[in-house]
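For reference, my_file27.cif (mmCIF, C-alpha atoms; chains and numbers go by the auth columns):
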data_data
loop_
_atom_site.group_PDB
_atom_site.id
_atom_site.type_symbol
_atom_site.label_atom_id
_atom_site.label_comp_id
_atom_site.label_asym_id
_atom_site.label_seq_id
_atom_site.Cartn_x
_atom_site.Cartn_y
_atom_site.Cartn_z
_atom_site.B_iso_or_equiv
_atom_site.auth_seq_id
_atom_site.auth_asym_id
ATOM 1 C CA MET A 1 34.220 -31.482 83.962 0.00 1 Q
ATOM 2 C CA PRO A 2 33.492 -27.734 84.227 0.00 2 Q
ATOM 3 C CA ASN A 3 35.107 -25.772 87.037 0.00 3 Q
ATOM 4 C CA TYR A 4 31.960 -25.143 89.042 0.00 4 Q
ATOM 5 C CA SER A 5 33.846 -23.127 91.665 0.00 5 Q
ATOM 6 C CA LYS A 6 33.884 -20.227 89.192 0.00 6 Q
ATOM 7 C CA LYS A 7 30.098 -20.262 88.797 0.00 7 Q
ATOM 8 C CA PRO A 8 27.935 -17.631 90.548 0.00 8 Q
ATOM 9 C CA VAL A 9 26.704 -18.254 94.072 0.00 9 Q
ATOM 10 C CA LEU A 10 23.080 -19.415 94.153 0.00 10 Q
ATOM 11 C CA THR A 11 20.604 -16.793 95.413 0.00 11 Q
ATOM 12 C CA ASN A 12 17.094 -17.038 96.821 0.00 12 Q
ATOM 13 C CA SER A 13 15.686 -15.540 93.616 0.00 13 Q
ATOM 14 C CA ASP A 14 17.230 -18.190 91.351 0.00 14 Q
ATOM 15 C CA GLU A 15 14.769 -20.670 89.899 0.00 15 Q
ATOM 16 C CA GLU A 16 17.111 -23.540 90.732 0.00 16 Q
ATOM 17 C CA TYR A 17 16.965 -22.635 94.430 0.00 17 Q
ATOM 18 C CA LEU A 18 13.173 -22.419 94.340 0.00 18 Q
ATOM 19 C CA MET A 19 13.130 -25.890 92.779 0.00 19 Q
ATOM 20 C CA LEU A 20 15.178 -27.336 95.653 0.00 20 Q
ATOM 21 C CA ILE A 21 12.753 -25.772 98.126 0.00 21 Q
ATOM 22 C CA GLU A 22 9.755 -27.117 96.204 0.00 22 Q
ATOM 23 C CA VAL A 23 11.269 -30.613 96.245 0.00 23 Q
ATOM 24 C CA SER A 24 11.614 -30.502 100.036 0.00 24 Q
ATOM 25 C CA GLU A 25 8.029 -29.286 100.386 0.00 25 Q
ATOM 26 C CA GLU A 26 6.728 -31.968 98.032 0.00 26 Q
ATOM 27 C CA PHE A 27 8.641 -34.588 100.005 0.00 27 Q
ATOM 28 C CA GLU A 28 6.863 -33.500 103.195 0.00 28 Q
ATOM 29 C CA ARG A 29 3.514 -33.488 101.405 0.00 29 Q
ATOM 30 C CA GLN A 30 4.049 -37.046 100.172 0.00 30 Q
ATOM 31 C CA LYS A 31 4.754 -38.207 103.722 0.00 31 Q
ATOM 32 C CA ILE A 32 1.144 -37.253 104.476 0.00 32 Q
ATOM 33 C CA ASP A 33 -0.489 -38.163 101.163 0.00 33 Q
ATOM 34 C CA LYS A 34 0.688 -41.732 100.559 0.00 34 Q
ATOM 35 C CA THR A 35 -0.879 -41.833 97.077 0.00 35 Q
ATOM 36 C CA ALA A 36 0.839 -38.698 95.740 0.00 36 Q
ATOM 37 C CA ARG A 37 3.990 -40.462 94.559 0.00 37 Q
ATOM 38 C CA GLU A 38 2.004 -43.136 92.729 0.00 38 Q
ATOM 39 C CA LYS A 39 -0.141 -40.494 91.022 0.00 39 Q
ATOM 40 C CA SER A 40 2.485 -37.910 90.127 0.00 40 Q
ATOM 41 C CA GLY A 41 5.979 -39.321 90.697 0.00 41 Q
ATOM 42 C CA ASN A 42 8.861 -38.561 93.045 0.00 42 Q
ATOM 43 C CA PRO A 43 9.370 -34.976 94.298 0.00 43 Q
ATOM 44 C CA ALA A 44 12.235 -34.099 91.939 0.00 44 Q
ATOM 45 C CA GLU A 45 10.325 -35.481 88.967 0.00 45 Q
ATOM 46 C CA ILE A 46 7.205 -33.458 89.821 0.00 46 Q
ATOM 47 C CA VAL A 47 9.076 -30.191 90.319 0.00 47 Q
ATOM 48 C CA LEU A 48 11.138 -30.498 87.129 0.00 48 Q
ATOM 49 C CA ARG A 49 8.081 -31.509 85.088 0.00 49 Q
ATOM 50 C CA ASN A 50 6.098 -28.502 86.292 0.00 50 Q
ATOM 51 C CA ARG A 51 8.942 -26.109 85.536 0.00 51 Q
ATOM 52 C CA LEU A 52 9.463 -27.462 82.026 0.00 52 Q
ATOM 53 C CA ILE A 53 5.750 -27.453 81.218 0.00 53 Q
ATOM 54 C CA ARG A 54 5.780 -23.707 81.923 0.00 54 Q
ATOM 55 C CA ARG A 55 8.197 -23.460 78.982 0.00 55 Q
ATOM 56 C CA ASN A 56 5.536 -24.977 76.691 0.00 56 Q
ATOM 57 C CA LEU A 57 7.302 -28.328 76.516 0.00 57 Q
ATOM 58 C CA ASN A 58 5.050 -31.377 76.164 0.00 58 Q
ATOM 59 C CA LEU A 59 5.968 -33.861 78.913 0.00 59 Q
ATOM 60 C CA SER A 60 4.380 -37.084 80.130 0.00 60 Q
ATOM 61 C CA LEU A 61 2.233 -36.477 83.216 0.00 61 Q
ATOM 62 C CA ILE A 62 1.960 -40.016 84.595 0.00 62 Q
ATOM 63 C CA PRO A 63 4.935 -41.556 86.486 0.00 63 Q
ATOM 64 C CA ASP A 64 6.680 -44.761 85.411 0.00 64 Q
ATOM 65 C CA VAL A 65 5.669 -44.377 81.771 0.00 65 Q
ATOM 66 C CA THR A 66 6.763 -46.937 79.195 0.00 66 Q
ATOM 67 C CA ILE A 67 7.418 -47.006 75.476 0.00 67 Q
ATOM 68 C CA GLN A 68 5.839 -49.722 73.356 0.00 68 Q
ATOM 69 C CA GLY A 69 8.324 -52.552 72.861 0.00 69 Q
ATOM 70 C CA SER A 70 9.964 -52.086 76.264 0.00 70 Q
ATOM 71 C CA LYS A 71 8.915 -52.814 79.852 0.00 71 Q
ATOM 72 C CA ILE A 72 11.364 -50.265 81.267 0.00 72 Q
ATOM 73 C CA LYS A 73 9.697 -47.607 83.420 0.00 73 Q
ATOM 74 C CA ASN A 74 10.787 -44.021 82.806 0.00 74 Q
ATOM 75 C CA ASP A 75 10.586 -40.807 84.827 0.00 75 Q
ATOM 76 C CA LEU A 76 9.691 -38.351 82.069 0.00 76 Q
ATOM 77 C CA LEU A 77 9.232 -38.446 78.328 0.00 77 Q
ATOM 78 C CA LEU A 78 9.576 -35.390 76.130 0.00 78 Q
ATOM 79 C CA LEU A 79 6.689 -35.826 73.708 0.00 79 Q
ATOM 80 C CA LYS A 80 6.079 -34.516 70.240 0.00 80 Q
ATOM 81 C CA SER A 81 3.673 -31.632 69.868 0.00 81 Q
ATOM 82 C CA GLY A 82 0.016 -32.673 70.064 0.00 82 Q
ATOM 83 C CA VAL A 83 0.654 -36.019 71.790 0.00 83 Q
ATOM 84 C CA ASP A 84 -1.638 -36.692 74.782 0.00 84 Q
ATOM 85 C CA PRO A 85 0.577 -36.450 77.917 0.00 85 Q
ATOM 86 C CA ASN A 86 -1.823 -38.509 80.061 0.00 86 Q
ATOM 87 C CA GLN A 87 -0.972 -41.925 78.609 0.00 87 Q
ATOM 88 C CA LYS A 88 0.770 -44.736 80.445 0.00 88 Q
ATOM 89 C CA THR A 89 2.437 -46.201 77.333 0.00 89 Q
ATOM 90 C CA TYR A 90 3.591 -44.372 74.209 0.00 90 Q
ATOM 91 C CA LEU A 91 4.562 -45.326 70.698 0.00 91 Q
ATOM 92 C CA SER A 92 8.212 -44.639 70.017 0.00 92 Q
ATOM 93 C CA ASN A 93 7.299 -42.219 67.217 0.00 93 Q
ATOM 94 C CA GLN A 94 5.479 -40.067 69.805 0.00 94 Q
ATOM 95 C CA VAL A 95 8.595 -39.631 71.952 0.00 95 Q
ATOM 96 C CA LYS A 96 11.450 -37.193 71.403 0.00 96 Q
ATOM 97 C CA MET A 97 13.519 -38.035 74.485 0.00 97 Q
ATOM 98 C CA VAL A 98 13.683 -40.124 77.645 0.00 98 Q
ATOM 99 C CA ILE A 99 14.551 -38.044 80.729 0.00 99 Q
ATOM 100 C CA GLU A 100 15.735 -39.518 84.032 0.00 100 Q
ATOM 101 C CA VAL A 101 15.370 -37.160 87.012 0.00 101 Q
ATOM 102 C CA LYS A 102 17.456 -37.373 90.195 0.00 102 Q
ATOM 103 C CA ASN A 103 17.452 -35.134 93.246 0.00 103 Q
ATOM 104 C CA ASN A 104 21.098 -36.202 93.608 0.00 104 Q
ATOM 105 C CA SER A 105 23.090 -39.241 92.555 0.00 105 Q
ATOM 106 C CA VAL A 106 24.007 -42.091 94.894 0.00 106 Q
ATOM 107 C CA GLY A 107 26.172 -45.151 94.576 0.00 107 Q
ATOM 108 C CA GLY A 108 24.422 -48.239 93.253 0.00 108 Q
ATOM 109 C CA LYS A 109 23.878 -51.499 95.089 0.00 109 Q
ATOM 110 C CA THR A 110 26.859 -53.407 96.413 0.00 110 Q
ATOM 111 C CA LEU A 111 27.988 -56.240 94.134 0.00 111 Q
ATOM 112 C CA GLU A 112 29.253 -59.684 95.168 0.00 112 Q
ATOM 113 C CA ASN A 113 32.857 -58.469 94.884 0.00 113 Q
ATOM 114 C CA GLY A 114 32.108 -55.778 97.488 0.00 114 Q
ATOM 115 C CA LYS A 115 32.208 -52.895 95.036 0.00 115 Q
ATOM 116 C CA GLN A 116 29.330 -50.493 94.447 0.00 116 Q
ATOM 117 C CA GLN A 117 27.679 -50.167 91.066 0.00 117 Q
ATOM 118 C CA ASP A 118 28.506 -46.964 89.226 0.00 118 Q
ATOM 119 C CA PRO A 119 25.152 -45.208 88.565 0.00 119 Q
ATOM 120 C CA SER A 120 26.440 -43.977 85.207 0.00 120 Q
ATOM 121 C CA LYS A 121 27.060 -47.548 84.063 0.00 121 Q
ATOM 122 C CA VAL A 122 23.621 -48.619 85.331 0.00 122 Q
ATOM 123 C CA MET A 123 22.080 -45.790 83.314 0.00 123 Q
ATOM 124 C CA ARG A 124 24.056 -46.815 80.230 0.00 124 Q
ATOM 125 C CA VAL A 125 22.590 -50.336 80.413 0.00 125 Q
ATOM 126 C CA LYS A 126 19.070 -48.923 80.724 0.00 126 Q
ATOM 127 C CA PHE A 127 19.456 -46.503 77.827 0.00 127 Q
ATOM 128 C CA ASN A 128 21.113 -49.121 75.613 0.00 128 Q
ATOM 129 C CA GLU A 129 18.191 -51.476 76.199 0.00 129 Q
ATOM 130 C CA LEU A 130 15.669 -48.737 75.453 0.00 130 Q
ATOM 131 C CA GLU A 131 17.493 -47.847 72.268 0.00 131 Q
ATOM 132 C CA ALA A 132 17.590 -51.497 71.198 0.00 132 Q
ATOM 133 C CA THR A 133 13.873 -52.157 71.820 0.00 133 Q
ATOM 134 C CA THR A 134 12.372 -48.835 70.716 0.00 134 Q
ATOM 135 C CA ASN A 135 13.183 -46.218 68.109 0.00 135 Q
ATOM 136 C CA VAL A 136 13.936 -43.557 70.710 0.00 136 Q
ATOM 137 C CA ARG A 137 17.484 -42.260 70.336 0.00 137 Q
ATOM 138 C CA ASN A 138 17.743 -39.258 72.668 0.00 138 Q
ATOM 139 C CA PHE A 139 18.338 -39.465 76.429 0.00 139 Q
ATOM 140 C CA ALA A 140 19.069 -37.106 79.310 0.00 140 Q
ATOM 141 C CA VAL A 141 19.833 -37.327 83.017 0.00 141 Q
ATOM 142 C CA VAL A 142 18.832 -34.272 85.050 0.00 142 Q
ATOM 143 C CA VAL A 143 20.304 -33.946 88.558 0.00 143 Q
ATOM 144 C CA LEU A 144 18.892 -31.138 90.699 0.00 144 Q
ATOM 145 C CA SER A 145 21.999 -30.770 92.858 0.00 145 Q
ATOM 146 C CA GLU A 146 25.312 -32.553 93.242 0.00 146 Q
ATOM 147 C CA MET A 147 28.407 -32.384 95.427 0.00 147 Q
ATOM 148 C CA LEU A 148 30.772 -30.870 92.870 0.00 148 Q
ATOM 149 C CA LEU A 149 32.550 -28.312 95.069 0.00 149 Q
ATOM 150 C CA PRO A 150 35.426 -27.946 95.649 0.00 150 Q
ATOM 151 C CA HIS A 151 36.383 -28.546 92.033 0.00 151 Q
ATOM 152 C CA ARG A 152 39.308 -30.841 92.854 0.00 152 Q
ATOM 153 C CA ASP A 153 37.240 -33.353 94.786 0.00 153 Q
ATOM 154 C CA PRO A 154 33.838 -33.921 93.103 0.00 154 Q
ATOM 155 C CA TYR A 155 31.454 -36.627 94.275 0.00 155 Q
ATOM 156 C CA ARG A 156 32.611 -40.044 93.085 0.00 156 Q
ATOM 157 C CA TRP A 157 29.191 -41.306 92.037 0.00 157 Q
ATOM 158 C CA ARG A 158 28.053 -38.253 90.076 0.00 158 Q
ATOM 159 C CA PHE A 159 26.535 -38.963 86.675 0.00 159 Q
ATOM 160 C CA LYS A 160 29.130 -38.545 83.932 0.00 160 Q
ATOM 161 C CA GLU A 161 28.453 -38.416 80.197 0.00 161 Q
ATOM 162 C CA ASP A 162 31.693 -40.205 79.365 0.00 162 Q
ATOM 163 C CA MET A 163 30.841 -43.080 81.719 0.00 163 Q
ATOM 164 C CA ILE A 164 27.312 -43.393 80.325 0.00 164 Q
ATOM 165 C CA GLY A 165 29.114 -43.529 77.015 0.00 165 Q
ATOM 166 C CA LYS A 166 26.306 -42.554 74.677 0.00 166 Q
ATOM 167 C CA GLU A 167 26.783 -39.774 72.141 0.00 167 Q
ATOM 168 C CA ASN A 168 23.060 -39.020 72.263 0.00 168 Q
ATOM 169 C CA CYS A 169 22.858 -38.698 76.074 0.00 169 Q
ATOM 170 C CA LYS A 170 23.312 -35.448 77.991 0.00 170 Q
ATOM 171 C CA VAL A 171 23.742 -34.908 81.743 0.00 171 Q
ATOM 172 C CA PHE A 172 22.503 -31.653 83.276 0.00 172 Q
ATOM 173 C CA THR A 173 23.329 -30.753 86.898 0.00 173 Q
ATOM 174 C CA LEU A 174 21.414 -27.670 87.991 0.00 174 Q
ATOM 175 C CA VAL A 175 23.155 -26.813 91.285 0.00 175 Q
ATOM 176 C CA ALA A 176 26.688 -27.556 92.503 0.00 176 Q
ATOM 177 C CA ARG A 177 27.086 -27.758 96.276 0.00 177 Q
ATOM 178 C CA GLN A 178 29.953 -28.257 98.702 0.00 178 Q
ATOM 179 C CA PHE A 179 28.676 -31.197 100.726 0.00 179 Q
ATOM 180 C CA TYR A 180 25.765 -33.475 101.574 0.00 180 Q
ATOM 181 C CA PRO A 181 24.044 -31.958 104.636 0.00 181 Q
ATOM 182 C CA PRO A 182 23.279 -34.050 107.751 0.00 182 Q
ATOM 183 C CA GLY A 183 19.737 -35.331 107.468 0.00 183 Q
ATOM 184 C CA GLY A 184 19.689 -35.056 103.706 0.00 184 Q
ATOM 185 C CA LEU A 185 18.526 -32.786 100.905 0.00 185 Q
ATOM 186 C CA TYR A 186 14.803 -33.188 101.567 0.00 186 Q
ATOM 187 C CA ILE A 187 15.025 -31.048 104.721 0.00 187 Q
ATOM 188 C CA LYS A 188 14.058 -27.486 103.840 0.00 188 Q
ATOM 189 C CA SER A 189 16.176 -25.901 106.562 0.00 189 Q
ATOM 190 C CA ASN A 190 19.272 -27.650 105.152 0.00 190 Q
ATOM 191 C CA ILE A 191 18.717 -26.012 101.765 0.00 191 Q
ATOM 192 C CA GLU A 192 18.126 -22.631 103.374 0.00 192 Q
ATOM 193 C CA ASP A 193 21.260 -22.999 105.502 0.00 193 Q
ATOM 194 C CA MET A 194 23.480 -23.891 102.533 0.00 194 Q
ATOM 195 C CA LEU A 195 22.112 -20.884 100.652 0.00 195 Q
ATOM 196 C CA GLN A 196 22.798 -18.529 103.571 0.00 196 Q
ATOM 197 C CA LYS A 197 26.379 -19.802 103.852 0.00 197 Q
ATOM 198 C CA GLY A 198 27.014 -19.483 100.103 0.00 198 Q
ATOM 199 C CA GLN A 199 27.667 -23.205 99.714 0.00 199 Q
ATOM 200 C CA MET A 200 25.784 -23.670 96.448 0.00 200 Q
ATOM 201 C CA LYS A 201 26.585 -22.485 92.924 0.00 201 Q
ATOM 202 C CA LYS A 202 24.313 -21.935 89.934 0.00 202 Q
ATOM 203 C CA THR A 203 25.720 -24.017 87.089 0.00 203 Q
ATOM 204 C CA GLY A 204 23.678 -22.495 84.259 0.00 204 Q
ATOM 205 C CA GLU A 205 22.730 -25.978 83.080 0.00 205 Q
ATOM 206 C CA PHE A 206 19.007 -25.508 83.727 0.00 206 Q
ATOM 207 C CA LEU A 207 18.847 -22.908 80.944 0.00 207 Q
ATOM 208 C CA ALA A 208 21.008 -25.175 78.795 0.00 208 Q
ATOM 209 C CA LEU A 209 18.536 -28.017 79.402 0.00 209 Q
ATOM 210 C CA ILE A 210 15.550 -25.885 78.379 0.00 210 Q
ATOM 211 C CA ASN A 211 17.271 -24.703 75.190 0.00 211 Q
ATOM 212 C CA TYR A 212 18.349 -28.248 74.347 0.00 212 Q
ATOM 213 C CA LEU A 213 14.848 -29.673 74.757 0.00 213 Q
ATOM 214 C CA LYS A 214 13.293 -26.891 72.678 0.00 214 Q
ATOM 215 C CA CYS A 215 15.695 -27.623 69.821 0.00 215 Q
ATOM 216 C CA LEU A 216 14.779 -31.323 69.559 0.00 216 Q
#

Structure encoded using structure tokens:
Amino acid sequence: MPNYSKKPVLTNSDEEYLMLIEVSEEFERQKIDKTAREKSGNPAEIVLRNRLIRRNLNLSLIPDVTIQGSKIKNDLLLLKSGVDPNQKTYLSNQVKMVIEVKNNSVGGKTLENGKQQDPSKVMRVKFNELEATTNVRNFAVVVLSEMLLPHRDPYRWRFKEDMIGKENCKVFTLVARQFYPPGGLYIKSNIEDMLQKGQMKKTGEFLALINYLKCL
């Protein structure tokens, strides 16, 4: 895992910070408009989609999209050029990549033995099934922020490429932070407070994500 403690401190002009703020604002908006999530997806999904579309990437616009041959619902699909992004189901030859979007990772449900599911292993099962039932071979998990500081004690349930165990799957974490704030990451003042105290680092993985998607 990279040593995120050596990364630059996040500033209020960084796009990654603006994305965290937009997620908190979208969360508040969806508390009022109960149909917004059904129409456009969860806050992190909406914000990431909008940012990537500005880079002329063709992304699915409807939440919970599927690929023909599979019933699995997906956050975002990176589509080939010219494909209509307003469909609910796509042919596998229209899709370049399946993208899962998380505001942050959390431990999975508690199993009968009392242990929590590792979210990376849950994602591996999902991607393996998609790969087996469709011809899509590329996958990514995008996490807006994760508790990766200090470097010696990263969050146990963070998404890890080696635990997902797929050569064709990449994990991108856009912001590394020191802790999970009381009340959660959807509270705008929490994000602003962590920024003011210098408790978040810019990983550089948002630019890496954009370059990766453009090269597919």

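This file, filtered with the PyMOL selection byres ((chain Q and resi 77) around 6), gives the residues Leu59, Ser60, Leu76, Leu78, Leu79, Met97, Val98 and Ile99 of chain Q.
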
Go ahead and write the residues just picked, C-alpha atoms, as an mmCIF file, keeping the file's coordinate frame.
data_model
loop_
_atom_site.group_PDB
_atom_site.id
_atom_site.type_symbol
_atom_site.label_atom_id
_atom_site.label_comp_id
_atom_site.auth_asym_id
_atom_site.auth_seq_id
_atom_site.Cartn_x
_atom_site.Cartn_y
_atom_site.Cartn_z
ATOM 1 C CA LEU Q 59 5.968 -33.861 78.913
ATOM 2 C CA SER Q 60 4.380 -37.084 80.130
ATOM 3 C CA LEU Q 76 9.691 -38.351 82.069
ATOM 4 C CA LEU Q 78 9.576 -35.390 76.130
ATOM 5 C CA LEU Q 79 6.689 -35.826 73.708
ATOM 6 C CA MET Q 97 13.519 -38.035 74.485
ATOM 7 C CA VAL Q 98 13.683 -40.124 77.645
ATOM 8 C CA ILE Q 99 14.551 -38.044 80.729
#

For segment 26-145 of chain Q against segment 163-176 of chain Q, with a cut-off of 9 Å and counting all atoms listed in the file, what is the closest atom pair and its distance in Å to one decimal for every residue that makes the cut, ordered by chain and number, as a tab-separated table?
residue	atom	partner	partner_atom	distance
Q:Asn104	CA	Q:Thr173	CA	8.9
Q:Asp118	CA	Q:Met163	CA	8.8
Q:Pro119	CA	Q:Ile164	CA	8.7
Q:Ser120	CA	Q:Ile164	CA	5.0
Q:Lys121	CA	Q:Ile164	CA	5.6
Q:Val122	CA	Q:Ile164	CA	8.1
Q:Met123	CA	Q:Ile164	CA	6.5
Q:Arg124	CA	Q:Ile164	CA	4.7
Q:Val125	CA	Q:Ile164	CA	8.4
Q:Phe127	CA	Q:Lys166	CA	8.5
Q:Asn128	CA	Q:Lys166	CA	8.4
Q:Arg137	CA	Q:Asn168	CA	6.7
Q:Asn138	CA	Q:Asn168	CA	5.3
Q:Phe139	CA	Q:Cys169	CA	4.6
Q:Ala140	CA	Q:Lys170	CA	4.7
Q:Val141	CA	Q:Val171	CA	4.8
Q:Val142	CA	Q:Phe172	CA	4.8
Q:Val143	CA	Q:Thr173	CA	4.7
Q:Leu144	CA	Q:Leu174	CA	5.1
Q:Ser145	CA	Q:Val175	CA	4.4

Store the residues picked out above, limited to C-alpha atoms, as a PDB file, in the coordinates of the input.
ATOM      1  CA  ASN Q 104      21.098 -36.202  93.608  1.00  0.00           C
ATOM      2  CA  ASP Q 118      28.506 -46.964  89.226  1.00  0.00           C
ATOM      3  CA  PRO Q 119      25.152 -45.208  88.565  1.00  0.00           C
ATOM      4  CA  SER Q 120      26.440 -43.977  85.207  1.00  0.00           C
ATOM      5  CA  LYS Q 121      27.060 -47.548  84.063  1.00  0.00           C
ATOM      6  CA  VAL Q 122      23.621 -48.619  85.331  1.00  0.00           C
ATOM      7  CA  MET Q 123      22.080 -45.790  83.314  1.00  0.00           C
ATOM      8  CA  ARG Q 124      24.056 -46.815  80.230  1.00  0.00           C
ATOM      9  CA  VAL Q 125      22.590 -50.336  80.413  1.00  0.00           C
ATOM     10  CA  PHE Q 127      19.456 -46.503  77.827  1.00  0.00           C
ATOM     11  CA  ASN Q 128      21.113 -49.121  75.613  1.00  0.00           C
ATOM     12  CA  ARG Q 137      17.484 -42.260  70.336  1.00  0.00           C
ATOM     13  CA  ASN Q 138      17.743 -39.258  72.668  1.00  0.00           C
ATOM     14  CA  PHE Q 139      18.338 -39.465  76.429  1.00  0.00           C
ATOM     15  CA  ALA Q 140      19.069 -37.106  79.310  1.00  0.00           C
ATOM     16  CA  VAL Q 141      19.833 -37.327  83.017  1.00  0.00           C
ATOM     17  CA  VAL Q 142      18.832 -34.272  85.050  1.00  0.00           C
ATOM     18  CA  VAL Q 143      20.304 -33.946  88.558  1.00  0.00           C
ATOM     19  CA  LEU Q 144      18.892 -31.138  90.699  1.00  0.00           C
ATOM     20  CA  SER Q 145      21.999 -30.770  92.858  1.00  0.00           C
TER      21      SER Q 145
END

Residue among Q:Met147, Q:Met1, Q:Ala44, Q:Val9 lying closest to Gln196 of chain Q, counting all atoms listed in the file: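 Looking at the shortest contact to Gln196 of chain Q, the residue is Q:Val9.
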
Who sits within 8 Å of segment 131-136 of chain Q, only C-alpha atoms, same chain under 6 positions skipped, as a list in words: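 The residues that qualify are Ile67, Gln68, Gly69, Ser70, Ser92, Asn93, Val95, Lys96, Met97 and Val98 of chain Q.
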
Pick from Q:Gly184, Q:Val47, Q:Leu61, Q:Leu213, whichever lies nearest to Glu16 of chain Q using all atoms listed in the file: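 Using all atoms listed in the file, Glu16 of chain Q sits closest to Q:Val47.
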
Shell of 7 Å around Arg177 of chain Q, all atoms listed in the file, local chain residues under 4 positions omitted, as a PyMOL selection string: chain Q and resi 145-149+199-201

Contact residues around Lys197 of chain Q with all atoms listed in the file at 12 Å, ignoring same-chain residues under 5 positions, as a PyMOL selection string: chain Q and resi 9-12+177-178+190-192

Emit the selected residues as a CSV table (one decimal), in the coordinates of the input, including C-alpha atoms.
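result.csv was written with the following content:
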chain,number,residue,atom,x,y,z
Q,9,VAL,CA,26.7,-18.3,94.1
Q,10,LEU,CA,23.1,-19.4,94.2
Q,11,THR,CA,20.6,-16.8,95.4
Q,12,ASN,CA,17.1,-17.0,96.8
Q,177,ARG,CA,27.1,-27.8,96.3
Q,178,GLN,CA,30.0,-28.3,98.7
Q,190,ASN,CA,19.3,-27.6,105.2
Q,191,ILE,CA,18.7,-26.0,101.8
Q,192,GLU,CA,18.1,-22.6,103.4

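Checking Q:Gln116, Q:Ser81, Q:Asn103, Q:Asn211 one by one against Ile46 of chain Q, counting only C-alpha atoms, you find the shortest gap at Q:Asn103.
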
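Straight-line separation from atom CA of Asn86 of chain Q to atom CA of Leu57 of chain Q: 14.1 Å.
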
Residue with smallest distance to Ser13 of chain Q - pool Q:Ala208, Q:Leu195, Q:Cys215, Q:Ala36, counting all atoms listed in the file: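 Closest to Ser13 of chain Q of all the choices is Q:Leu195.
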
d(atom CA of Pro85 of chain Q, atom CA of Ile53 of chain Q) in Å: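 If I compute the distance from atom CA of Pro85 of chain Q to atom CA of Ile53 of chain Q, I get 10.9 Å.
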
For atom CA of Arg51 of chain Q and atom CA of Glu15 of chain Q, the interatomic separation in Å (one decimal):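 Atom CA of Glu15 of chain Q lies at a distance of 9.1 Å from atom CA of Arg51 of chain Q.
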
Output as AutoDock Vina command-line options the centre and edge lengths (Å, one decimal) of the box along x, y and z of the file that holds every listed atom of segment 127-137 of chain Q after adding 8 Å on each side.
--center_x 16.7 --center_y -47.2 --center_z 73.0 --size_x 24.7 --size_y 25.9 --size_z 25.7

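Distance annotation: of Q:Asp64, Q:Ile72, Q:Pro154, Q:Lys34, the residue with the minimal separation from Tyr180 of chain Q is Q:Pro154; atom set is all atoms listed in the file.
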
Close residues, Ser24 of chain Q itself excluded, 9 Å, all atoms listed in the file, min 4 positions apart in chain, as a list in words: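 Final neighbour list, sorted by chain and number: Met19, Leu20, Glu28, Arg29, Pro43, Ala44, Leu185, Tyr186, Ile187, Lys188 and Ile191 of chain Q.
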